[in-house]
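Structure file upload29.pdb with PDB, C-alpha atoms:
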ATOM      1  CA  MET A   1      68.671  93.480  54.235  1.00  0.00           C
ATOM      2  CA  LYS A   2      72.206  94.611  53.458  1.00  0.00           C
ATOM      3  CA  ILE A   3      71.673  97.901  55.350  1.00  0.00           C
ATOM      4  CA  LYS A   4      70.388  96.022  58.431  1.00  0.00           C
ATOM      5  CA  LYS A   5      73.472  93.806  58.390  1.00  0.00           C
ATOM      6  CA  LEU A   6      75.808  96.798  58.116  1.00  0.00           C
ATOM      7  CA  GLY A   7      73.898  98.591  60.867  1.00  0.00           C
ATOM      8  CA  PHE A   8      74.202  95.562  63.143  1.00  0.00           C
ATOM      9  CA  ILE A   9      77.948  95.264  62.472  1.00  0.00           C
ATOM     10  CA  PHE A  10      78.449  99.002  63.045  1.00  0.00           C
ATOM     11  CA  LEU A  11      76.504  98.907  66.313  1.00  0.00           C
ATOM     12  CA  SER A  12      78.439  95.845  67.463  1.00  0.00           C
ATOM     13  CA  LEU A  13      81.747  97.581  66.776  1.00  0.00           C
ATOM     14  CA  ILE A  14      80.652 100.644  68.746  1.00  0.00           C
ATOM     15  CA  ILE A  15      79.638  98.526  71.735  1.00  0.00           C
ATOM     16  CA  VAL A  16      82.842  96.466  71.701  1.00  0.00           C
ATOM     17  CA  GLY A  17      84.986  99.590  71.188  1.00  0.00           C
ATOM     18  CA  GLY A  18      83.250 101.328  74.078  1.00  0.00           C
ATOM     19  CA  PHE A  19      83.926  98.353  76.314  1.00  0.00           C
ATOM     20  CA  PHE A  20      87.654  98.508  75.551  1.00  0.00           C
ATOM     21  CA  ILE A  21      87.761 102.271  76.081  1.00  0.00           C
ATOM     22  CA  LEU A  22      86.018 101.982  79.467  1.00  0.00           C
ATOM     23  CA  ASN A  23      88.122  99.003  80.456  1.00  0.00           C
ATOM     24  CA  GLY A  24      91.329 100.896  79.675  1.00  0.00           C
ATOM     25  CA  ASN A  25      90.310 103.877  81.831  1.00  0.00           C
ATOM     26  CA  GLU A  26      89.918 101.930  85.053  1.00  0.00           C
ATOM     27  CA  GLU A  27      92.259 103.177  87.718  1.00  0.00           C
ATOM     28  CA  GLU A  28      94.805 100.642  88.810  1.00  0.00           C
ATOM     29  CA  PRO A  29      94.434  99.645  92.440  1.00  0.00           C
ATOM     30  CA  ILE A  30      96.705 101.441  94.843  1.00  0.00           C
ATOM     31  CA  LYS A  31      99.487  99.407  96.418  1.00  0.00           C
ATOM     32  CA  ILE A  32     101.514 101.113  99.111  1.00  0.00           C
ATOM     33  CA  ALA A  33     105.076 100.358 100.165  1.00  0.00           C
ATOM     34  CA  VAL A  34     106.514 101.914 103.304  1.00  0.00           C
ATOM     35  CA  SER A  35     110.192 102.071 104.237  1.00  0.00           C
ATOM     36  CA  SER A  36     110.270 100.822 107.791  1.00  0.00           C
ATOM     37  CA  ASP A  37     112.632 100.419 110.721  1.00  0.00           C
ATOM     38  CA  GLY A  38     110.859  97.145 111.602  1.00  0.00           C
ATOM     39  CA  GLU A  39     108.579  94.472 110.219  1.00  0.00           C
ATOM     40  CA  THR A  40     105.301  95.492 111.893  1.00  0.00           C
ATOM     41  CA  ILE A  41     102.765  98.268 111.317  1.00  0.00           C
ATOM     42  CA  ASP A  42     103.707  99.757 114.693  1.00  0.00           C
ATOM     43  CA  SER A  43     107.296 100.340 113.497  1.00  0.00           C
ATOM     44  CA  GLN A  44     108.502 103.808 112.542  1.00  0.00           C
ATOM     45  CA  VAL A  45     108.736 104.962 108.941  1.00  0.00           C
ATOM     46  CA  SER A  46     112.414 104.929 108.113  1.00  0.00           C
ATOM     47  CA  ASN A  47     114.023 108.184 107.070  1.00  0.00           C
ATOM     48  CA  LEU A  48     116.127 106.127 104.654  1.00  0.00           C
ATOM     49  CA  GLY A  49     114.267 105.228 101.459  1.00  0.00           C
ATOM     50  CA  ALA A  50     116.691 102.800  99.839  1.00  0.00           C
ATOM     51  CA  ARG A  51     118.735 101.976 102.920  1.00  0.00           C
ATOM     52  CA  CYS A  52     115.824 101.069 105.200  1.00  0.00           C
ATOM     53  CA  PRO A  53     115.811  97.647 106.855  1.00  0.00           C
ATOM     54  CA  TRP A  54     112.265  96.703 105.720  1.00  0.00           C
ATOM     55  CA  PHE A  55     109.669  97.420 103.055  1.00  0.00           C
ATOM     56  CA  LEU A  56     106.110  96.847 104.258  1.00  0.00           C
ATOM     57  CA  LEU A  57     103.523  96.362 101.496  1.00  0.00           C
ATOM     58  CA  PHE A  58      99.840  97.260 101.841  1.00  0.00           C
ATOM     59  CA  ASP A  59      96.784  96.842  99.626  1.00  0.00           C
ATOM     60  CA  GLU A  60      94.199  99.535  98.835  1.00  0.00           C
ATOM     61  CA  GLN A  61      92.320  98.778 102.079  1.00  0.00           C
ATOM     62  CA  GLY A  62      95.446  99.342 104.174  1.00  0.00           C
ATOM     63  CA  SER A  63      95.993  95.672 105.003  1.00  0.00           C
ATOM     64  CA  LEU A  64      99.581  94.522 105.370  1.00  0.00           C
ATOM     65  CA  THR A  65     100.234  91.996 102.600  1.00  0.00           C
ATOM     66  CA  ASN A  66     103.980  91.478 102.838  1.00  0.00           C
ATOM     67  CA  ALA A  67     107.059  92.436 104.859  1.00  0.00           C
ATOM     68  CA  LEU A  68     110.225  92.373 102.775  1.00  0.00           C
ATOM     69  CA  GLU A  69     113.658  92.591 104.315  1.00  0.00           C
ATOM     70  CA  ASN A  70     115.629  95.030 102.152  1.00  0.00           C
ATOM     71  CA  PRO A  71     118.196  92.976 100.217  1.00  0.00           C
ATOM     72  CA  TYR A  72     119.910  96.128  98.877  1.00  0.00           C
ATOM     73  CA  GLN A  73     120.284  98.014 102.158  1.00  0.00           C
ATOM     74  CA  ASN A  74     124.095  97.931 102.086  1.00  0.00           C
ATOM     75  CA  GLN A  75     124.741  97.702  98.339  1.00  0.00           C
ATOM     76  CA  ARG A  76     125.912 100.248  95.798  1.00  0.00           C
ATOM     77  CA  GLY A  77     123.093 101.501  93.606  1.00  0.00           C
ATOM     78  CA  ALA A  78     120.515 100.718  96.280  1.00  0.00           C
ATOM     79  CA  GLY A  79     118.116 103.455  95.143  1.00  0.00           C
ATOM     80  CA  VAL A  80     117.560 102.124  91.633  1.00  0.00           C
ATOM     81  CA  LYS A  81     117.561  98.493  92.779  1.00  0.00           C
ATOM     82  CA  CYS A  82     114.970  99.211  95.492  1.00  0.00           C
ATOM     83  CA  ALA A  83     112.775 101.114  93.032  1.00  0.00           C
ATOM     84  CA  GLU A  84     112.898  98.089  90.696  1.00  0.00           C
ATOM     85  CA  LEU A  85     112.015  95.789  93.608  1.00  0.00           C
ATOM     86  CA  LEU A  86     108.988  97.943  94.431  1.00  0.00           C
ATOM     87  CA  LYS A  87     107.909  98.048  90.775  1.00  0.00           C
ATOM     88  CA  ASN A  88     108.157  94.235  90.615  1.00  0.00           C
ATOM     89  CA  HIS A  89     105.707  94.137  93.534  1.00  0.00           C
ATOM     90  CA  ASN A  90     103.285  96.464  91.660  1.00  0.00           C
ATOM     91  CA  VAL A  91     103.754  99.319  94.135  1.00  0.00           C
ATOM     92  CA  THR A  92     102.064 102.579  93.114  1.00  0.00           C
ATOM     93  CA  VAL A  93     102.863 104.741  96.191  1.00  0.00           C
ATOM     94  CA  PHE A  94     106.068 104.725  98.253  1.00  0.00           C
ATOM     95  CA  VAL A  95     106.173 106.266 101.739  1.00  0.00           C
ATOM     96  CA  ALA A  96     109.495 107.107 103.393  1.00  0.00           C
ATOM     97  CA  GLY A  97     111.087 109.884 105.370  1.00  0.00           C
ATOM     98  CA  ASN A  98     113.340 110.721 102.440  1.00  0.00           C
ATOM     99  CA  VAL A  99     114.771 109.346  99.211  1.00  0.00           C
ATOM    100  CA  GLY A 100     117.960 110.227  97.408  1.00  0.00           C
ATOM    101  CA  PRO A 101     117.981 111.786  93.946  1.00  0.00           C
ATOM    102  CA  LYS A 102     118.685 108.502  92.141  1.00  0.00           C
ATOM    103  CA  MET A 103     115.875 106.641  93.875  1.00  0.00           C
ATOM    104  CA  GLY A 104     113.552 109.614  93.378  1.00  0.00           C
ATOM    105  CA  ALA A 105     114.262 109.647  89.636  1.00  0.00           C
ATOM    106  CA  ALA A 106     113.894 105.857  89.399  1.00  0.00           C
ATOM    107  CA  LEU A 107     110.559 105.909  91.242  1.00  0.00           C
ATOM    108  CA  GLU A 108     109.266 108.672  88.984  1.00  0.00           C
ATOM    109  CA  SER A 109     110.347 106.868  85.818  1.00  0.00           C
ATOM    110  CA  MET A 110     108.539 103.741  87.012  1.00  0.00           C
ATOM    111  CA  GLY A 111     105.322 105.600  87.803  1.00  0.00           C
ATOM    112  CA  ILE A 112     105.648 105.196  91.582  1.00  0.00           C
ATOM    113  CA  THR A 113     104.629 108.238  93.618  1.00  0.00           C
ATOM    114  CA  PHE A 114     106.854 109.179  96.551  1.00  0.00           C
ATOM    115  CA  ILE A 115     105.153 110.546  99.681  1.00  0.00           C
ATOM    116  CA  PRO A 116     107.459 111.906 102.421  1.00  0.00           C
ATOM    117  CA  PHE A 117     106.218 111.028 105.894  1.00  0.00           C
ATOM    118  CA  SER A 118     107.446 110.885 109.485  1.00  0.00           C
ATOM    119  CA  GLY A 119     105.726 108.774 112.140  1.00  0.00           C
ATOM    120  CA  SER A 120     104.521 105.205 112.489  1.00  0.00           C
ATOM    121  CA  VAL A 121     103.953 102.960 109.488  1.00  0.00           C
ATOM    122  CA  LYS A 122     100.276 102.646 110.419  1.00  0.00           C
ATOM    123  CA  GLU A 123      99.875 106.457 110.491  1.00  0.00           C
ATOM    124  CA  GLY A 124     101.671 106.765 107.151  1.00  0.00           C
ATOM    125  CA  VAL A 125      99.387 104.263 105.445  1.00  0.00           C
ATOM    126  CA  ASN A 126      96.304 105.907 106.947  1.00  0.00           C
ATOM    127  CA  GLN A 127      97.505 109.303 105.725  1.00  0.00           C
ATOM    128  CA  VAL A 128      97.855 107.976 102.156  1.00  0.00           C
ATOM    129  CA  LEU A 129      94.442 106.303 102.241  1.00  0.00           C
ATOM    130  CA  LYS A 130      92.695 109.426 103.599  1.00  0.00           C
ATOM    131  CA  LYS A 131      93.670 111.362 100.496  1.00  0.00           C
ATOM    132  CA  ASN A 132      92.501 110.610  96.987  1.00  0.00           C
ATOM    133  CA  PRO A 133      95.245 108.327  95.550  1.00  0.00           C
ATOM    134  CA  SER A 134      94.795 109.833  92.081  1.00  0.00           C
ATOM    135  CA  ALA A 135      95.844 113.203  93.536  1.00  0.00           C
ATOM    136  CA  TYR A 136      99.344 111.753  94.038  1.00  0.00           C
ATOM    137  CA  LYS A 137      99.896 111.099  90.332  1.00  0.00           C
ATOM    138  CA  GLY A 138     102.627 113.341  89.034  1.00  0.00           C
ATOM    139  CA  LEU A 139     103.841 114.689  92.381  1.00  0.00           C
TER     140      LEU A 139
END
Would you give me this structure, written as structure tokens?
Amino acid sequence: MKIKKLGFIFLSLIIVGGFFILNGNEEEPIKIAVSSDGETIDSQVSNLGARCPWFLLFDEQGSLTNALENPYQNQRGAGVKCAELLKNHNVTVFVAGNVGPKMGAALESMGITFIPFSGSVKEGVNQVLKKNPSAYKGL
């Protein structure tokens, strides 16, 4: 009887432990932010990462979820502040024409992947979604 009880407890622990291991390995959903010259998907991707007028946010299906006017566009330390803003919105991939070294380092430290792109916002989002998002980790 004692062995059956121990066996049941052991099996239960294995099942529960396996659940937590599997649950922890789920990939977080991709959330894309694009530096934009305007507030619509037809706008051009801004060449300015931290000094762009708008950040457009997209979910993993490529649907626009939010258009944020850049509050740090003309402030000192814009790169780090913008990276923090994106992190606060759970962004995982950032698309822009270019970023400065401070913003690049801040994005990397926050686990946000930078993808350089030139063209329309819609094309930029489609380009990100065509590729395997996990391939961007560590770029």
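Distance annotation: of A:Ser118, A:Thr92, A:Gln75, A:Ser109, the residue with the minimal separation from Asp37 (chain A) is A:Ser118; atom set is all atoms listed in the file.
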### Task
Could you tell me how far CA of Val45 (chain A) lies from CA of Ile30 (chain A), in Å and to one decimal?
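Here the two named atoms are 18.9 Å from each other.
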### Query
Which neighbours of Lys87 (chain A) fall inside 7 Å, counting all atoms listed in the file, when residues of the same chain fewer than 4 positions from it are skipped, and could you give them as a list in words?
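Listed by chain and then number, they are Ala83, Val91 and Met110 of chain A.
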### Task
Find the residue from A:Val121, A:Ala106, A:Leu129, A:Val80 that sits nearest to Trp54 (chain A); use all atoms listed in the file when measuring.
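Nearest candidate to Trp54 (chain A) out of A:Val121, A:Ala106, A:Leu129, A:Val80: A:Val121.
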### Message
With the PyMOL selection byres ((chain A and resi 61) around 12) as the selection, what would be picked from this file? Answer as a list in words, please.
### Response
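Those residues are Pro29, Ile30, Lys31, Ile32, Leu57, Phe58, Asp59, Glu60, Gly62, Ser63, Leu64, Thr65, Val125, Asn126, Val128, Leu129, Lys130 and Pro133 of chain A.
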### Message
Can you tell me which residues surround Gly104 (chain A) at a distance of at most 12 Å, considering all atoms listed in the file, apart from same-chain residues fewer than 3 positions away, and format the answer as a PyMOL selection string?
### Response
chain A and resi 49-50+78-84+94-96+98-101+107-116+139
### Task
Please indicate the distance in Å from CA of Ser46 (chain A) to CA of Glu28 (chain A), rounded to one decimal place.
26.5 Å
### Message
One decimal, in Å: what's the spacing between CA of Arg51 (chain A) and CA of Asn70 (chain A)?
### Response
7.6 Å
### Task
Take the PyMOL selection byres ((chain A and resi 43) around 12), apply it to the structure above, and return the hits as a ChimeraX atom specification.
/A:34-42,44-46,52-56,67,118-125
Kindly provide, as JSON, the centre and edge lengths (Å, one decimal) of an axis-aligned box around all atoms of region 95-101 of chain A given in the file, with 8 Å on each side.
{"center_x": 112.1, "center_y": 109.0, "center_z": 99.7, "size_x": 27.8, "size_y": 21.5, "size_z": 27.4}
#### Entry: Nearest-residue call for Tyr72 (chain A), choices A:Leu86, A:Ala105, A:Lys131, A:Val93, using all atoms listed in the file
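Smallest separation from Tyr72 (chain A) among the options: A:Leu86.
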Atom completion result for region 91-119 of chain A (N, CA and C atoms) as a PDB file, in the frame of the given file:
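New file selection-v6.pdb:
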ATOM      1  N   VAL A  91     103.954  98.178  93.240  1.00  0.00           N
ATOM      2  CA  VAL A  91     103.754  99.319  94.135  1.00  0.00           C
ATOM      3  C   VAL A  91     103.414 100.551  93.311  1.00  0.00           C
ATOM      4  N   THR A  92     102.441 101.338  93.785  1.00  0.00           N
ATOM      5  CA  THR A  92     102.064 102.579  93.114  1.00  0.00           C
ATOM      6  C   THR A  92     102.416 103.811  93.953  1.00  0.00           C
ATOM      7  N   VAL A  93     102.528 103.638  95.285  1.00  0.00           N
ATOM      8  CA  VAL A  93     102.863 104.741  96.191  1.00  0.00           C
ATOM      9  C   VAL A  93     103.928 104.252  97.169  1.00  0.00           C
ATOM     10  N   PHE A  94     104.988 105.066  97.330  1.00  0.00           N
ATOM     11  CA  PHE A  94     106.068 104.725  98.253  1.00  0.00           C
ATOM     12  C   PHE A  94     106.158 105.791  99.324  1.00  0.00           C
ATOM     13  N   VAL A  95     106.115 105.371 100.588  1.00  0.00           N
ATOM     14  CA  VAL A  95     106.173 106.266 101.739  1.00  0.00           C
ATOM     15  C   VAL A  95     107.505 106.052 102.449  1.00  0.00           C
ATOM     16  N   ALA A  96     108.226 107.157 102.668  1.00  0.00           N
ATOM     17  CA  ALA A  96     109.495 107.107 103.393  1.00  0.00           C
ATOM     18  C   ALA A  96     109.771 108.499 103.939  1.00  0.00           C
ATOM     19  N   GLY A  97     110.699 108.576 104.862  1.00  0.00           N
ATOM     20  CA  GLY A  97     111.087 109.884 105.370  1.00  0.00           C
ATOM     21  C   GLY A  97     111.765 110.707 104.291  1.00  0.00           C
ATOM     22  N   ASN A  98     112.578 110.040 103.472  1.00  0.00           N
ATOM     23  CA  ASN A  98     113.340 110.721 102.440  1.00  0.00           C
ATOM     24  C   ASN A  98     113.828 109.699 101.420  1.00  0.00           C
ATOM     25  N   VAL A  99     114.094 110.166 100.218  1.00  0.00           N
ATOM     26  CA  VAL A  99     114.771 109.346  99.211  1.00  0.00           C
ATOM     27  C   VAL A  99     115.860 110.198  98.571  1.00  0.00           C
ATOM     28  N   GLY A 100     116.898 109.529  98.106  1.00  0.00           N
ATOM     29  CA  GLY A 100     117.960 110.227  97.408  1.00  0.00           C
ATOM     30  C   GLY A 100     117.544 110.559  95.981  1.00  0.00           C
ATOM     31  N   PRO A 101     118.346 111.364  95.302  1.00  0.00           N
ATOM     32  CA  PRO A 101     117.981 111.786  93.946  1.00  0.00           C
ATOM     33  C   PRO A 101     117.883 110.630  92.947  1.00  0.00           C
ATOM     34  N   LYS A 102     118.740 109.636  93.078  1.00  0.00           N
ATOM     35  CA  LYS A 102     118.685 108.502  92.141  1.00  0.00           C
ATOM     36  C   LYS A 102     117.433 107.665  92.361  1.00  0.00           C
ATOM     37  N   MET A 103     117.090 107.401  93.614  1.00  0.00           N
ATOM     38  CA  MET A 103     115.875 106.641  93.875  1.00  0.00           C
ATOM     39  C   MET A 103     114.652 107.457  93.473  1.00  0.00           C
ATOM     40  N   GLY A 104     114.674 108.751  93.761  1.00  0.00           N
ATOM     41  CA  GLY A 104     113.552 109.614  93.378  1.00  0.00           C
ATOM     42  C   GLY A 104     113.311 109.585  91.878  1.00  0.00           C
ATOM     43  N   ALA A 105     114.384 109.685  91.098  1.00  0.00           N
ATOM     44  CA  ALA A 105     114.262 109.647  89.636  1.00  0.00           C
ATOM     45  C   ALA A 105     113.799 108.280  89.156  1.00  0.00           C
ATOM     46  N   ALA A 106     114.299 107.216  89.789  1.00  0.00           N
ATOM     47  CA  ALA A 106     113.894 105.857  89.399  1.00  0.00           C
ATOM     48  C   ALA A 106     112.417 105.620  89.713  1.00  0.00           C
ATOM     49  N   LEU A 107     111.972 106.058  90.883  1.00  0.00           N
ATOM     50  CA  LEU A 107     110.559 105.909  91.242  1.00  0.00           C
ATOM     51  C   LEU A 107     109.678 106.639  90.234  1.00  0.00           C
ATOM     52  N   GLU A 108     110.053 107.870  89.919  1.00  0.00           N
ATOM     53  CA  GLU A 108     109.266 108.672  88.984  1.00  0.00           C
ATOM     54  C   GLU A 108     109.196 108.011  87.610  1.00  0.00           C
ATOM     55  N   SER A 109     110.331 107.497  87.142  1.00  0.00           N
ATOM     56  CA  SER A 109     110.347 106.868  85.818  1.00  0.00           C
ATOM     57  C   SER A 109     109.523 105.583  85.781  1.00  0.00           C
ATOM     58  N   MET A 110     109.315 104.977  86.935  1.00  0.00           N
ATOM     59  CA  MET A 110     108.539 103.741  87.012  1.00  0.00           C
ATOM     60  C   MET A 110     107.079 103.997  87.377  1.00  0.00           C
ATOM     61  N   GLY A 111     106.709 105.266  87.506  1.00  0.00           N
ATOM     62  CA  GLY A 111     105.322 105.600  87.803  1.00  0.00           C
ATOM     63  C   GLY A 111     104.927 105.386  89.255  1.00  0.00           C
ATOM     64  N   ILE A 112     105.913 105.364  90.145  1.00  0.00           N
ATOM     65  CA  ILE A 112     105.648 105.196  91.582  1.00  0.00           C
ATOM     66  C   ILE A 112     105.732 106.569  92.233  1.00  0.00           C
ATOM     67  N   THR A 113     104.688 106.942  92.952  1.00  0.00           N
ATOM     68  CA  THR A 113     104.629 108.238  93.618  1.00  0.00           C
ATOM     69  C   THR A 113     105.295 108.165  94.980  1.00  0.00           C
ATOM     70  N   PHE A 114     106.190 109.100  95.245  1.00  0.00           N
ATOM     71  CA  PHE A 114     106.854 109.179  96.551  1.00  0.00           C
ATOM     72  C   PHE A 114     106.110 110.154  97.449  1.00  0.00           C
ATOM     73  N   ILE A 115     105.807 109.713  98.674  1.00  0.00           N
ATOM     74  CA  ILE A 115     105.153 110.546  99.681  1.00  0.00           C
ATOM     75  C   ILE A 115     106.082 110.620 100.901  1.00  0.00           C
ATOM     76  N   PRO A 116     106.635 111.795 101.218  1.00  0.00           N
ATOM     77  CA  PRO A 116     107.459 111.906 102.421  1.00  0.00           C
ATOM     78  C   PRO A 116     106.575 111.883 103.668  1.00  0.00           C
ATOM     79  N   PHE A 117     107.020 111.137 104.673  1.00  0.00           N
ATOM     80  CA  PHE A 117     106.218 111.028 105.894  1.00  0.00           C
ATOM     81  C   PHE A 117     107.129 110.688 107.070  1.00  0.00           C
ATOM     82  N   SER A 118     106.757 111.190 108.242  1.00  0.00           N
ATOM     83  CA  SER A 118     107.446 110.885 109.485  1.00  0.00           C
ATOM     84  C   SER A 118     106.406 110.432 110.499  1.00  0.00           C
ATOM     85  N   GLY A 119     106.655 109.316 111.153  1.00  0.00           N
ATOM     86  CA  GLY A 119     105.726 108.774 112.140  1.00  0.00           C
ATOM     87  C   GLY A 119     105.692 107.264 112.043  1.00  0.00           C
TER      88      GLY A 119
END
